[in-house]
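S.K.: I am sharing upload.csv, which consists of CSV, N, CA and C atoms and all ligand atoms:
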```csv
chain,number,residue,atom,x,y,z
A,1,MET,N,19.7,57.6,184.5
A,1,MET,CA,19.4,56.3,183.9
A,1,MET,C,19.2,55.2,185.0
A,2,LYS,N,18.3,54.4,184.8
A,2,LYS,CA,18.1,53.3,185.8
A,2,LYS,C,18.7,52.0,185.2
A,3,THR,N,19.1,51.1,186.1
A,3,THR,CA,19.7,49.9,185.7
A,3,THR,C,19.4,48.8,186.8
A,4,ILE,N,19.2,47.6,186.3
A,4,ILE,CA,19.1,46.5,187.3
A,4,ILE,C,19.7,45.2,186.6
A,5,THR,N,20.4,44.4,187.5
A,5,THR,CA,21.0,43.2,187.0
A,5,THR,C,20.5,42.0,187.9
A,6,LYS,N,20.0,41.0,187.3
A,6,LYS,CA,19.6,39.8,188.0
A,6,LYS,C,20.2,38.6,187.4
A,7,TYR,N,20.4,37.5,188.2
A,7,TYR,CA,20.9,36.2,187.8
A,7,TYR,C,19.8,35.2,188.1
A,8,LEU,N,19.3,34.6,187.1
A,8,LEU,CA,18.3,33.5,187.3
A,8,LEU,C,19.1,32.2,187.1
A,9,THR,N,18.6,31.1,187.9
A,9,THR,CA,19.3,29.8,187.8
A,9,THR,C,18.3,28.8,187.3
A,10,PHE,N,18.7,27.9,186.4
A,10,PHE,CA,17.9,26.9,185.9
A,10,PHE,C,18.6,25.5,186.1
A,11,HIS,N,17.9,24.5,186.5
A,11,HIS,CA,18.4,23.2,186.7
A,11,HIS,C,17.4,22.2,186.1
A,12,THR,N,17.7,21.7,184.9
A,12,THR,CA,16.7,20.7,184.3
A,12,THR,C,17.1,19.3,184.7
A,13,GLU,N,16.1,18.4,184.7
A,13,GLU,CA,16.3,17.0,184.9
A,13,GLU,C,16.7,16.3,183.6
A,14,GLU,N,16.4,17.0,182.5
A,14,GLU,CA,16.7,16.4,181.2
A,14,GLU,C,18.0,17.0,180.6
A,15,ARG,N,18.6,16.3,179.7
A,15,ARG,CA,19.7,16.8,179.0
A,15,ARG,C,19.3,17.9,178.0
A,16,PHE,N,18.1,17.7,177.4
A,16,PHE,CA,17.6,18.7,176.4
A,16,PHE,C,16.3,19.2,176.9
A,17,LYS,N,16.1,20.6,177.0
A,17,LYS,CA,14.9,21.1,177.5
A,17,LYS,C,14.7,22.6,177.0
A,18,LEU,N,13.5,22.9,176.6
A,18,LEU,CA,13.2,24.3,176.3
A,18,LEU,C,12.2,24.8,177.3
A,19,ILE,N,12.5,26.0,177.9
A,19,ILE,CA,11.7,26.5,179.0
A,19,ILE,C,11.3,28.0,178.6
A,20,ASN,N,10.0,28.2,178.7
A,20,ASN,CA,9.5,29.6,178.5
A,20,ASN,C,9.8,30.4,179.8
A,21,ILE,N,10.7,31.4,179.7
A,21,ILE,CA,11.1,32.2,180.8
A,21,ILE,C,10.5,33.6,180.7
A,22,THR,N,9.6,33.9,179.9
A,22,THR,CA,9.0,35.2,179.6
A,22,THR,C,8.6,35.9,180.9
A,23,GLN,N,7.8,35.1,181.8
A,23,GLN,CA,7.3,35.8,183.0
A,23,GLN,C,8.4,36.1,184.0
A,24,ASP,N,9.5,35.3,184.0
A,24,ASP,CA,10.6,35.7,184.8
A,24,ASP,C,11.2,37.0,184.4
A,25,ILE,N,11.3,37.2,183.1
A,25,ILE,CA,11.9,38.5,182.5
A,25,ILE,C,10.9,39.6,182.8
A,26,VAL,N,9.6,39.4,182.6
A,26,VAL,CA,8.6,40.4,182.9
A,26,VAL,C,8.8,41.0,184.3
A,27,LYS,N,9.0,40.0,185.3
A,27,LYS,CA,9.1,40.4,186.7
A,27,LYS,C,10.3,41.3,186.9
A,28,VAL,N,11.4,41.0,186.2
A,28,VAL,CA,12.6,41.8,186.3
A,28,VAL,C,12.4,43.2,185.8
A,29,VAL,N,11.7,43.3,184.6
A,29,VAL,CA,11.4,44.6,184.0
A,29,VAL,C,10.5,45.4,184.9
A,30,GLU,N,9.5,44.8,185.5
A,30,GLU,CA,8.6,45.5,186.4
A,30,GLU,C,9.4,46.0,187.6
A,31,GLU,N,10.3,45.2,188.2
A,31,GLU,CA,11.1,45.6,189.3
A,31,GLU,C,12.0,46.8,189.0
A,32,SER,N,12.5,46.9,187.7
A,32,SER,CA,13.4,47.9,187.3
A,32,SER,C,12.8,49.3,187.3
A,33,ASN,N,11.5,49.4,187.1
A,33,ASN,CA,10.7,50.6,186.9
A,33,ASN,C,11.2,51.4,185.7
A,34,VAL,N,11.8,50.7,184.8
A,34,VAL,CA,12.2,51.3,183.5
A,34,VAL,C,11.0,51.4,182.6
A,35,SER,N,10.7,52.6,182.0
A,35,SER,CA,9.6,52.7,181.1
A,35,SER,C,10.0,52.7,179.6
A,36,GLU,N,11.2,53.3,179.4
A,36,GLU,CA,11.8,53.3,178.0
A,36,GLU,C,13.2,52.8,178.1
A,37,GLY,N,13.5,51.7,177.5
A,37,GLY,CA,14.9,51.1,177.6
A,37,GLY,C,15.0,49.8,176.8
A,38,ILE,N,16.0,49.0,177.3
A,38,ILE,CA,16.4,47.8,176.7
A,38,ILE,C,16.6,46.7,177.8
A,39,CYS,N,16.2,45.5,177.4
A,39,CYS,CA,16.4,44.4,178.3
A,39,CYS,C,17.2,43.3,177.6
A,40,LEU,N,18.4,43.1,178.2
A,40,LEU,CA,19.3,42.0,177.7
A,40,LEU,C,19.1,40.8,178.5
A,41,VAL,N,19.0,39.6,177.8
A,41,VAL,CA,18.9,38.3,178.5
A,41,VAL,C,20.0,37.4,177.9
A,42,ASN,N,20.9,36.9,178.6
A,42,ASN,CA,21.9,36.0,178.0
A,42,ASN,C,22.2,34.8,178.9
A,43,SER,N,22.4,33.7,178.3
A,43,SER,CA,22.9,32.5,179.0
A,43,SER,C,24.4,32.7,179.4
A,44,MET,N,24.8,32.3,180.6
A,44,MET,CA,26.2,32.5,181.0
A,44,MET,C,27.0,31.2,180.8
A,45,HIS,N,26.4,30.3,180.0
A,45,HIS,CA,27.0,29.0,179.8
A,45,HIS,C,27.1,28.7,178.3
A,46,ILE,N,28.1,28.0,177.9
A,46,ILE,CA,28.3,27.8,176.4
A,46,ILE,C,27.7,26.5,175.9
A,47,THR,N,26.8,25.9,176.7
A,47,THR,CA,26.0,24.8,176.3
A,47,THR,C,24.5,25.0,176.5
A,48,SER,N,24.1,26.3,176.6
A,48,SER,CA,22.7,26.6,176.7
A,48,SER,C,22.4,27.9,176.0
A,49,SER,N,21.2,28.2,175.6
A,49,SER,CA,20.9,29.4,174.8
A,49,SER,C,19.7,30.2,175.4
A,50,ILE,N,19.7,31.4,174.9
A,50,ILE,CA,18.5,32.2,175.1
A,50,ILE,C,18.0,32.6,173.7
A,51,PHE,N,16.7,32.4,173.4
A,51,PHE,CA,16.2,32.8,172.1
A,51,PHE,C,14.8,33.2,172.2
A,52,ILE,N,14.3,33.8,171.1
A,52,ILE,CA,12.9,34.2,171.1
A,52,ILE,C,12.2,33.5,169.9
A,53,ASN,N,11.0,32.9,170.3
A,53,ASN,CA,10.2,32.3,169.2
A,53,ASN,C,8.8,32.0,169.8
A,54,ASP,N,8.0,31.2,169.1
A,54,ASP,CA,6.7,30.9,169.5
A,54,ASP,C,6.6,29.8,170.6
A,55,ASP,N,5.6,29.9,171.5
A,55,ASP,CA,5.4,28.9,172.5
A,55,ASP,C,4.4,27.9,172.0
A,56,GLU,N,4.9,27.1,171.1
A,56,GLU,CA,4.0,26.1,170.4
A,56,GLU,C,4.7,24.7,170.5
A,57,SER,N,4.0,23.7,171.1
A,57,SER,CA,4.7,22.5,171.4
A,57,SER,C,5.2,21.7,170.2
A,58,GLY,N,4.4,21.8,169.1
A,58,GLY,CA,4.9,21.1,167.9
A,58,GLY,C,6.2,21.7,167.4
A,59,LEU,N,6.3,23.0,167.4
A,59,LEU,CA,7.5,23.7,167.0
A,59,LEU,C,8.7,23.3,167.9
A,60,HIS,N,8.4,23.2,169.2
A,60,HIS,CA,9.5,22.8,170.1
A,60,HIS,C,10.0,21.4,169.8
A,61,LEU,N,9.1,20.5,169.4
A,61,LEU,CA,9.6,19.2,169.0
A,61,LEU,C,10.3,19.3,167.7
A,62,ASP,N,9.9,20.2,166.8
A,62,ASP,CA,10.6,20.4,165.6
A,62,ASP,C,12.0,20.9,165.8
A,63,PHE,N,12.1,21.8,166.8
A,63,PHE,CA,13.5,22.3,167.1
A,63,PHE,C,14.4,21.2,167.6
A,64,GLU,N,13.8,20.4,168.5
A,64,GLU,CA,14.6,19.3,169.1
A,64,GLU,C,15.0,18.3,168.0
A,65,LYS,N,14.1,17.9,167.1
A,65,LYS,CA,14.4,16.9,166.1
A,65,LYS,C,15.5,17.5,165.1
A,66,TRP,N,15.3,18.8,164.8
A,66,TRP,CA,16.3,19.4,163.9
A,66,TRP,C,17.7,19.5,164.5
A,67,LEU,N,17.7,19.9,165.8
A,67,LEU,CA,19.0,20.1,166.5
A,67,LEU,C,19.7,18.7,166.7
A,68,GLN,N,18.9,17.7,167.0
A,68,GLN,CA,19.5,16.3,167.2
A,68,GLN,C,20.0,15.8,165.9
A,69,LYS,N,19.3,16.2,164.8
A,69,LYS,CA,19.8,15.7,163.4
A,69,LYS,C,21.1,16.4,163.1
A,70,LEU,N,21.2,17.8,163.4
A,70,LEU,CA,22.4,18.5,163.0
A,70,LEU,C,23.6,18.1,163.9
A,71,ALA,N,23.3,17.9,165.2
A,71,ALA,CA,24.4,17.6,166.2
A,71,ALA,C,23.9,16.5,167.1
A,72,PRO,N,23.8,15.3,166.7
A,72,PRO,CA,23.4,14.2,167.6
A,72,PRO,C,24.4,14.0,168.8
A,73,HIS,N,23.8,13.7,169.9
A,73,HIS,CA,24.7,13.5,171.1
A,73,HIS,C,25.5,12.3,170.9
A,74,LEU,N,24.9,11.2,170.4
A,74,LEU,CA,25.7,9.9,170.2
A,74,LEU,C,26.0,9.7,168.7
A,75,PRO,N,27.0,9.0,168.4
A,75,PRO,CA,28.1,8.6,169.3
A,75,PRO,C,29.0,9.8,169.7
A,76,THR,N,29.3,9.8,171.0
A,76,THR,CA,30.1,11.0,171.5
A,76,THR,C,31.5,11.0,170.9
A,77,LYS,N,32.0,9.9,170.4
A,77,LYS,CA,33.4,9.8,169.8
A,77,LYS,C,33.5,10.6,168.5
A,78,GLN,N,32.4,10.9,167.9
A,78,GLN,CA,32.4,11.6,166.6
A,78,GLN,C,33.0,13.1,166.7
A,79,TYR,N,33.1,13.6,168.0
A,79,TYR,CA,33.5,15.0,168.2
A,79,TYR,C,34.9,15.1,168.8
A,80,LEU,N,35.7,15.9,168.2
A,80,LEU,CA,37.1,16.1,168.7
A,80,LEU,C,37.0,16.7,170.1
A,81,HIS,N,36.0,17.6,170.4
A,81,HIS,CA,35.9,18.3,171.7
A,81,HIS,C,35.8,17.2,172.8
A,82,ASN,N,35.1,16.1,172.5
A,82,ASN,CA,34.9,15.1,173.5
A,82,ASN,C,36.2,14.3,173.9
A,83,ASP,N,37.3,14.5,173.1
A,83,ASP,CA,38.6,13.9,173.4
A,83,ASP,C,39.2,14.6,174.7
A,84,THR,N,38.6,15.7,175.1
A,84,THR,CA,39.0,16.4,176.3
A,84,THR,C,38.5,15.6,177.6
A,85,GLY,N,37.6,14.6,177.3
A,85,GLY,CA,37.1,13.9,178.5
A,85,GLY,C,35.6,14.3,178.7
A,86,GLU,N,35.2,15.4,178.0
A,86,GLU,CA,33.8,15.8,178.1
A,86,GLU,C,33.0,15.0,177.1
A,87,ASP,N,31.6,15.1,177.3
A,87,ASP,CA,30.8,14.4,176.3
A,87,ASP,C,29.7,15.4,175.7
A,88,ASN,N,30.0,16.7,175.8
A,88,ASN,CA,29.0,17.7,175.5
A,88,ASN,C,29.2,18.5,174.2
A,89,ALA,N,30.1,18.0,173.3
A,89,ALA,CA,30.3,18.7,172.1
A,89,ALA,C,29.1,19.1,171.3
A,90,ASP,N,28.1,18.2,171.3
A,90,ASP,CA,26.8,18.4,170.6
A,90,ASP,C,26.1,19.6,171.2
A,91,ALA,N,26.2,19.8,172.5
A,91,ALA,CA,25.5,20.9,173.2
A,91,ALA,C,26.2,22.2,172.9
A,92,HIS,N,27.5,22.3,172.7
A,92,HIS,CA,28.2,23.5,172.3
A,92,HIS,C,27.7,23.9,170.9
A,93,LEU,N,27.5,22.9,170.0
A,93,LEU,CA,27.1,23.2,168.6
A,93,LEU,C,25.6,23.7,168.6
A,94,LYS,N,24.8,23.0,169.4
A,94,LYS,CA,23.4,23.5,169.5
A,94,LYS,C,23.3,24.9,170.0
A,95,ARG,N,24.1,25.2,171.0
A,95,ARG,CA,24.0,26.6,171.6
A,95,ARG,C,24.4,27.6,170.5
A,96,GLN,N,25.4,27.2,169.7
A,96,GLN,CA,25.9,28.2,168.7
A,96,GLN,C,24.8,28.5,167.7
A,97,ILE,N,24.0,27.5,167.3
A,97,ILE,CA,22.9,27.7,166.4
A,97,ILE,C,21.7,28.5,167.0
A,98,MET,N,21.4,28.2,168.3
A,98,MET,CA,20.2,28.8,168.9
A,98,MET,C,20.6,30.1,169.5
A,99,GLY,N,21.9,30.4,169.7
A,99,GLY,CA,22.2,31.8,170.1
A,99,GLY,C,22.5,31.9,171.6
A,100,ARG,N,23.3,33.0,171.9
A,100,ARG,CA,23.7,33.2,173.3
A,100,ARG,C,22.7,34.1,174.0
A,101,GLU,N,22.1,35.2,173.3
A,101,GLU,CA,21.3,36.2,174.0
A,101,GLU,C,20.2,36.7,173.2
A,102,THR,N,19.4,37.5,173.8
A,102,THR,CA,18.4,38.2,173.1
A,102,THR,C,18.2,39.6,173.8
A,103,VAL,N,17.8,40.6,173.0
A,103,VAL,CA,17.6,42.0,173.5
A,103,VAL,C,16.2,42.3,173.1
A,104,VAL,N,15.4,42.8,174.0
A,104,VAL,CA,14.1,43.2,173.8
A,104,VAL,C,13.9,44.7,174.2
A,105,ALA,N,13.3,45.5,173.4
A,105,ALA,CA,13.0,46.9,173.7
A,105,ALA,C,11.9,46.9,174.8
A,106,ILE,N,12.0,48.0,175.7
A,106,ILE,CA,11.0,48.2,176.7
A,106,ILE,C,10.3,49.5,176.3
A,107,THR,N,9.0,49.4,176.1
A,107,THR,CA,8.2,50.6,175.7
A,107,THR,C,7.0,50.7,176.6
A,108,GLY,N,6.9,51.9,177.2
A,108,GLY,CA,5.8,52.0,178.1
A,108,GLY,C,5.8,51.1,179.3
A,109,GLY,N,7.0,50.7,179.7
A,109,GLY,CA,7.2,49.8,180.9
A,109,GLY,C,7.0,48.3,180.6
A,110,LYS,N,6.8,48.0,179.3
A,110,LYS,CA,6.6,46.6,179.0
A,110,LYS,C,7.5,46.1,177.9
A,111,LEU,N,7.8,44.8,177.9
A,111,LEU,CA,8.6,44.2,176.8
A,111,LEU,C,7.8,44.4,175.5
A,112,ASP,N,8.5,45.0,174.5
A,112,ASP,CA,7.8,45.3,173.3
A,112,ASP,C,7.9,44.2,172.2
A,113,PHE,N,7.1,43.1,172.5
A,113,PHE,CA,7.2,41.9,171.6
A,113,PHE,C,6.4,42.1,170.3
A,114,GLY,N,6.9,41.4,169.3
A,114,GLY,CA,6.0,41.2,168.1
A,114,GLY,C,5.0,40.1,168.5
A,115,PRO,N,4.0,39.9,167.6
A,115,PRO,CA,3.0,38.9,167.8
A,115,PRO,C,3.6,37.5,168.1
A,116,TRP,N,3.2,36.8,169.1
A,116,TRP,CA,3.6,35.4,169.4
A,116,TRP,C,5.1,35.3,170.0
A,117,GLU,N,5.8,36.4,170.1
A,117,GLU,CA,7.2,36.3,170.6
A,117,GLU,C,7.2,36.0,172.1
A,118,GLN,N,8.0,35.0,172.5
A,118,GLN,CA,8.2,34.6,173.8
A,118,GLN,C,9.7,34.3,174.0
A,119,ILE,N,10.2,34.5,175.3
A,119,ILE,CA,11.6,34.3,175.5
A,119,ILE,C,11.8,32.9,176.1
A,120,PHE,N,12.8,32.2,175.5
A,120,PHE,CA,13.1,30.8,175.9
A,120,PHE,C,14.5,30.6,176.4
A,121,TYR,N,14.6,29.7,177.4
A,121,TYR,CA,15.9,29.2,177.8
A,121,TYR,C,16.1,27.8,177.1
A,122,GLY,N,17.1,27.6,176.4
A,122,GLY,CA,17.3,26.3,175.7
A,122,GLY,C,18.5,25.6,176.4
A,123,GLU,N,18.2,24.4,177.0
A,123,GLU,CA,19.2,23.6,177.7
A,123,GLU,C,19.6,22.5,176.8
A,124,PHE,N,20.9,22.3,176.6
A,124,PHE,CA,21.4,21.2,175.7
A,124,PHE,C,22.3,20.3,176.5
A,125,ASP,N,22.6,20.6,177.7
A,125,ASP,CA,23.5,19.7,178.5
A,125,ASP,C,23.1,19.9,180.0
A,126,GLY,N,21.9,19.4,180.3
A,126,GLY,CA,21.3,19.7,181.6
A,126,GLY,C,21.8,18.9,182.7
A,127,CYS,N,20.9,18.8,183.7
A,127,CYS,CA,21.2,18.0,185.0
A,127,CYS,C,22.3,18.7,185.8
A,128,ARG,N,22.4,20.0,185.6
A,128,ARG,CA,23.3,20.8,186.6
A,128,ARG,C,22.7,22.3,186.5
A,129,SER,N,23.1,23.0,187.5
A,129,SER,CA,22.6,24.4,187.6
A,129,SER,C,23.3,25.3,186.7
A,130,LYS,N,22.6,26.2,186.0
A,130,LYS,CA,23.2,27.2,185.1
A,130,LYS,C,22.5,28.5,185.3
A,131,LYS,N,23.3,29.6,185.0
A,131,LYS,CA,22.8,30.9,185.3
A,131,LYS,C,22.5,31.7,184.0
A,132,VAL,N,21.5,32.5,184.1
A,132,VAL,CA,21.1,33.4,183.0
A,132,VAL,C,21.2,34.9,183.5
A,133,LEU,N,21.8,35.7,182.8
A,133,LEU,CA,21.9,37.1,183.2
A,133,LEU,C,20.8,38.0,182.6
A,134,VAL,N,20.2,38.8,183.4
A,134,VAL,CA,19.1,39.7,182.9
A,134,VAL,C,19.6,41.1,183.3
A,135,LYS,N,19.7,42.0,182.3
A,135,LYS,CA,20.1,43.4,182.6
A,135,LYS,C,19.1,44.3,181.9
A,136,VAL,N,18.6,45.2,182.7
A,136,VAL,CA,17.6,46.2,182.1
A,136,VAL,C,18.3,47.6,182.3
A,137,ILE,N,18.3,48.4,181.2
A,137,ILE,CA,18.8,49.7,181.3
A,137,ILE,C,17.8,50.7,180.6
A,138,GLY,N,17.7,51.9,181.2
A,138,GLY,CA,16.8,52.8,180.5
A,138,GLY,C,16.4,53.9,181.5
A,139,GLU,N,15.3,54.6,181.1
A,139,GLU,CA,14.8,55.7,181.9
A,139,GLU,C,13.4,55.4,182.5
B,1,ZN,ZN,32.4,21.1,176.6
```
Any chance you could put this one into C-alpha cells?

M.R.:
Amino acid sequence: MKTITKYLTFHTEERFKLINITQDIVKVVEESNVSEGICLVNSMHITSSIFINDDESGLHLDFEKWLQKLAPHLPTKQYLHNDTGEDNADAHLKRQIMGRETVVAITGGKLDFGPWEQIFYGEFDGCRSKKVLVKVIGE
C-alpha cells in the first residue's frame, strides 16, 4: 500500500472566503503515484471547512448570503461562545454546516469526480494561517 500525507496552509485577507483547492489536491494525488485508492482532505481548524460543490460565482455568493443569514457575525454578543472572549461563534456554526472533510475516490490515478465537482476550502474566520490535511492511500 502507498500512502502520502501533506499539510497545506491557507491565509486569507478576508474573514469569509471560499477557495477552489482542486489543483492543490490533484498535485498531491499525482505525487502519491496511487492509481486506485482514496483521498481524504480535511480542515484542521474548527472555524473552516472542506467541501465539494460547483465552481460558480453566483452559487458562492448564495452560500455566503445563506450562511450569513443562518449565523450572522454581528452582533457578536448574541452567541454564548463569544462570552469566552472570542468573537468567532458564527464561524464555528458555519463550519458545522459546511463540513469538516471530504473523501474522493482515486480511479486510474485521478480524482474520480462527478460532473462539476470541485474541492473548496471555506474560511469563516480568516486573517490567520490555517492548515488542511491531505492523505492519499491506495495501490
Ligand atoms: Zn471560537

S.K.: Would you compute the distance between CA of His73 (chain A) and atom N of Ala91 (chain A)? Give it in Å to one decimal.

M.R.: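 Computing it gives 6.6 Å between the two atoms.
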
S.K.: Kindly work out which residues sit at most 6 Å from ligand ZN 1 (chain B), using all atoms listed in the file, and give the list as a list in words.

M.R.: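 So the residues close to ligand ZN 1 (chain B) are Glu86, Asn88 and Ala89 of chain A.
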
S.K.: If I take CA of Glu13 (chain A) and CA of Thr47 (chain A), how far is one from the other in Å, to one decimal?

M.R.: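 Computing it gives 15.1 Å between the two atoms.
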
S.K.: For region 27-35 of chain A, work out the shell of residues within 8 Å, counting only C-alpha atoms and skipping chain neighbours fewer than 3 positions away, then give it as a VMD selection string.

M.R.: chain A and resid 2 to 4 6 23 to 24 39 106 to 111 134 136 to 139

S.K.: Which one is closest to Leu67 (chain A): A:Ile21, A:Lys94, A:Asp54, A:His45? Count all atoms listed in the file.

M.R.: A:Lys94

S.K.: Could you work out how far CA of Glu117 (chain A) lies from CA of Gly58 (chain A), giving the answer in Å with one decimal?

M.R.: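 Rounded to one decimal, the two atoms are 15.6 Å apart.
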
S.K.: Leaving out Ile119 (chain A) and any residue of its chain fewer than 5 positions from it, which residues lie within 8 Å of it when counting all atoms listed in the file, given as a PyMOL selection string?

M.R.: chain A and resi 19-23+50-55

S.K.: Which one is closest to Met98 (chain A): A:Lys17, A:Pro115, A:Ser49, A:Glu64? Count all atoms listed in the file.

M.R.: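 The shortest atom-to-atom distance to Met98 (chain A) comes from A:Ser49.
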
S.K.: Would you mind listing what lies within 8 Å of Lys130 (chain A) as a ChimeraX atom specification, with only C-alpha atoms counted and same-chain residues fewer than 2 positions away left out?

M.R.: /A:9-11,44-45,128,132

S.K.: Looking only at helix (DSSP H, G or I) from DSSP on the backbone, list the matching residues of chain A as a PyMOL selection string.

M.R.: chain A and resi 22-32+57-70+76-78+80-84+89-98

S.K.: Take the selection from the previous step and output its residues with N, CA and C atoms, as a CSV table (one decimal), in the coordinates of the input.

M.R.:
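Below you can see out.csv, which holds the result:
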```csv
chain,number,residue,atom,x,y,z
A,22,THR,N,9.6,33.9,179.9
A,22,THR,CA,9.0,35.2,179.6
A,22,THR,C,8.6,35.9,180.9
A,23,GLN,N,7.8,35.1,181.8
A,23,GLN,CA,7.3,35.8,183.0
A,23,GLN,C,8.4,36.1,184.0
A,24,ASP,N,9.5,35.3,184.0
A,24,ASP,CA,10.6,35.7,184.8
A,24,ASP,C,11.2,37.0,184.4
A,25,ILE,N,11.3,37.2,183.1
A,25,ILE,CA,11.9,38.5,182.5
A,25,ILE,C,10.9,39.6,182.8
A,26,VAL,N,9.6,39.4,182.6
A,26,VAL,CA,8.6,40.4,182.9
A,26,VAL,C,8.8,41.0,184.3
A,27,LYS,N,9.0,40.0,185.3
A,27,LYS,CA,9.1,40.4,186.7
A,27,LYS,C,10.3,41.3,186.9
A,28,VAL,N,11.4,41.0,186.2
A,28,VAL,CA,12.6,41.8,186.3
A,28,VAL,C,12.4,43.2,185.8
A,29,VAL,N,11.7,43.3,184.6
A,29,VAL,CA,11.4,44.6,184.0
A,29,VAL,C,10.5,45.4,184.9
A,30,GLU,N,9.5,44.8,185.5
A,30,GLU,CA,8.6,45.5,186.4
A,30,GLU,C,9.4,46.0,187.6
A,31,GLU,N,10.3,45.2,188.2
A,31,GLU,CA,11.1,45.6,189.3
A,31,GLU,C,12.0,46.8,189.0
A,32,SER,N,12.5,46.9,187.7
A,32,SER,CA,13.4,47.9,187.3
A,32,SER,C,12.8,49.3,187.3
A,57,SER,N,4.0,23.7,171.1
A,57,SER,CA,4.7,22.5,171.4
A,57,SER,C,5.2,21.7,170.2
A,58,GLY,N,4.4,21.8,169.1
A,58,GLY,CA,4.9,21.1,167.9
A,58,GLY,C,6.2,21.7,167.4
A,59,LEU,N,6.3,23.0,167.4
A,59,LEU,CA,7.5,23.7,167.0
A,59,LEU,C,8.7,23.3,167.9
A,60,HIS,N,8.4,23.2,169.2
A,60,HIS,CA,9.5,22.8,170.1
A,60,HIS,C,10.0,21.4,169.8
A,61,LEU,N,9.1,20.5,169.4
A,61,LEU,CA,9.6,19.2,169.0
A,61,LEU,C,10.3,19.3,167.7
A,62,ASP,N,9.9,20.2,166.8
A,62,ASP,CA,10.6,20.4,165.6
A,62,ASP,C,12.0,20.9,165.8
A,63,PHE,N,12.1,21.8,166.8
A,63,PHE,CA,13.5,22.3,167.1
A,63,PHE,C,14.4,21.2,167.6
A,64,GLU,N,13.8,20.4,168.5
A,64,GLU,CA,14.6,19.3,169.1
A,64,GLU,C,15.0,18.3,168.0
A,65,LYS,N,14.1,17.9,167.1
A,65,LYS,CA,14.4,16.9,166.1
A,65,LYS,C,15.5,17.5,165.1
A,66,TRP,N,15.3,18.8,164.8
A,66,TRP,CA,16.3,19.4,163.9
A,66,TRP,C,17.7,19.5,164.5
A,67,LEU,N,17.7,19.9,165.8
A,67,LEU,CA,19.0,20.1,166.5
A,67,LEU,C,19.7,18.7,166.7
A,68,GLN,N,18.9,17.7,167.0
A,68,GLN,CA,19.5,16.3,167.2
A,68,GLN,C,20.0,15.8,165.9
A,69,LYS,N,19.3,16.2,164.8
A,69,LYS,CA,19.8,15.7,163.4
A,69,LYS,C,21.1,16.4,163.1
A,70,LEU,N,21.2,17.8,163.4
A,70,LEU,CA,22.4,18.5,163.0
A,70,LEU,C,23.6,18.1,163.9
A,76,THR,N,29.3,9.8,171.0
A,76,THR,CA,30.1,11.0,171.5
A,76,THR,C,31.5,11.0,170.9
A,77,LYS,N,32.0,9.9,170.4
A,77,LYS,CA,33.4,9.8,169.8
A,77,LYS,C,33.5,10.6,168.5
A,78,GLN,N,32.4,10.9,167.9
A,78,GLN,CA,32.4,11.6,166.6
A,78,GLN,C,33.0,13.1,166.7
A,80,LEU,N,35.7,15.9,168.2
A,80,LEU,CA,37.1,16.1,168.7
A,80,LEU,C,37.0,16.7,170.1
A,81,HIS,N,36.0,17.6,170.4
A,81,HIS,CA,35.9,18.3,171.7
A,81,HIS,C,35.8,17.2,172.8
A,82,ASN,N,35.1,16.1,172.5
A,82,ASN,CA,34.9,15.1,173.5
A,82,ASN,C,36.2,14.3,173.9
A,83,ASP,N,37.3,14.5,173.1
A,83,ASP,CA,38.6,13.9,173.4
A,83,ASP,C,39.2,14.6,174.7
A,84,THR,N,38.6,15.7,175.1
A,84,THR,CA,39.0,16.4,176.3
A,84,THR,C,38.5,15.6,177.6
A,89,ALA,N,30.1,18.0,173.3
A,89,ALA,CA,30.3,18.7,172.1
A,89,ALA,C,29.1,19.1,171.3
A,90,ASP,N,28.1,18.2,171.3
A,90,ASP,CA,26.8,18.4,170.6
A,90,ASP,C,26.1,19.6,171.2
A,91,ALA,N,26.2,19.8,172.5
A,91,ALA,CA,25.5,20.9,173.2
A,91,ALA,C,26.2,22.2,172.9
A,92,HIS,N,27.5,22.3,172.7
A,92,HIS,CA,28.2,23.5,172.3
A,92,HIS,C,27.7,23.9,170.9
A,93,LEU,N,27.5,22.9,170.0
A,93,LEU,CA,27.1,23.2,168.6
A,93,LEU,C,25.6,23.7,168.6
A,94,LYS,N,24.8,23.0,169.4
A,94,LYS,CA,23.4,23.5,169.5
A,94,LYS,C,23.3,24.9,170.0
A,95,ARG,N,24.1,25.2,171.0
A,95,ARG,CA,24.0,26.6,171.6
A,95,ARG,C,24.4,27.6,170.5
A,96,GLN,N,25.4,27.2,169.7
A,96,GLN,CA,25.9,28.2,168.7
A,96,GLN,C,24.8,28.5,167.7
A,97,ILE,N,24.0,27.5,167.3
A,97,ILE,CA,22.9,27.7,166.4
A,97,ILE,C,21.7,28.5,167.0
A,98,MET,N,21.4,28.2,168.3
A,98,MET,CA,20.2,28.8,168.9
A,98,MET,C,20.6,30.1,169.5
```

S.K.: From the set A:Ala71, A:Leu40, A:Met1, A:Ile25, which residue has the shortest atom-to-atom contact distance to Thr102 (chain A), counting only C-alpha atoms?

M.R.: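 When distances to Thr102 (chain A) are compared using only C-alpha atoms, the smallest one comes from A:Leu40.
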
S.K.: Just the strand (DSSP E or B) stuff from region 9-80 of chain A, please, per backbone DSSP, written as a list in words.

M.R.: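 Going through region 9-80 of chain A, the strand (DSSP E or B) residues come out as Thr9, Phe10, His11, Lys17, Leu18, Ile19, Asn20, Glu36, Gly37, Ile38, Cys39, Leu40, Val41, Asn42, Ser43, Ser48, Ser49, Ile50, Phe51, Ile52 and Asn53 of chain A.
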
S.K.: Check the smallest atom-to-atom distance from each of A:Leu70, A:Leu61, A:Cys127, A:Leu80 to Glu14 (chain A) using only N, CA and C atoms, then report the winner.

M.R.: A:Cys127

S.K.: Between A:Val26, A:Leu8, A:Leu18, A:Ile38, which residue has the minimum interatomic distance to Ala105 (chain A), considering only C-alpha atoms?

M.R.: A:Ile38

S.K.: Between A:Thr12, A:Asn82, A:Gln68, A:Ser48, which one has atoms that come closest to Glu101 (chain A), using all atoms listed in the file?

M.R.: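 Ranking A:Thr12, A:Asn82, A:Gln68, A:Ser48 by distance to Glu101 (chain A), first place goes to A:Ser48.
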
S.K.: Can you save region 7-14 of chain A of the given block to a file, including C-alpha atoms and formatted as a compact mmCIF listing (two decimals), in the first residue's frame?

M.R.:
```
# COMPACT_ATOMS: atom_id res chain seq x y z
CA TYR A 7 -0.31 19.80 5.05
CA LEU A 8 -1.45 22.81 3.03
CA THR A 9 -1.61 26.28 4.62
CA PHE A 10 -4.16 28.98 3.78
CA HIS A 11 -4.13 32.57 4.97
CA THR A 12 -6.96 34.76 3.69
CA GLU A 13 -7.14 38.54 3.98
CA GLU A 14 -10.92 38.29 4.43
```
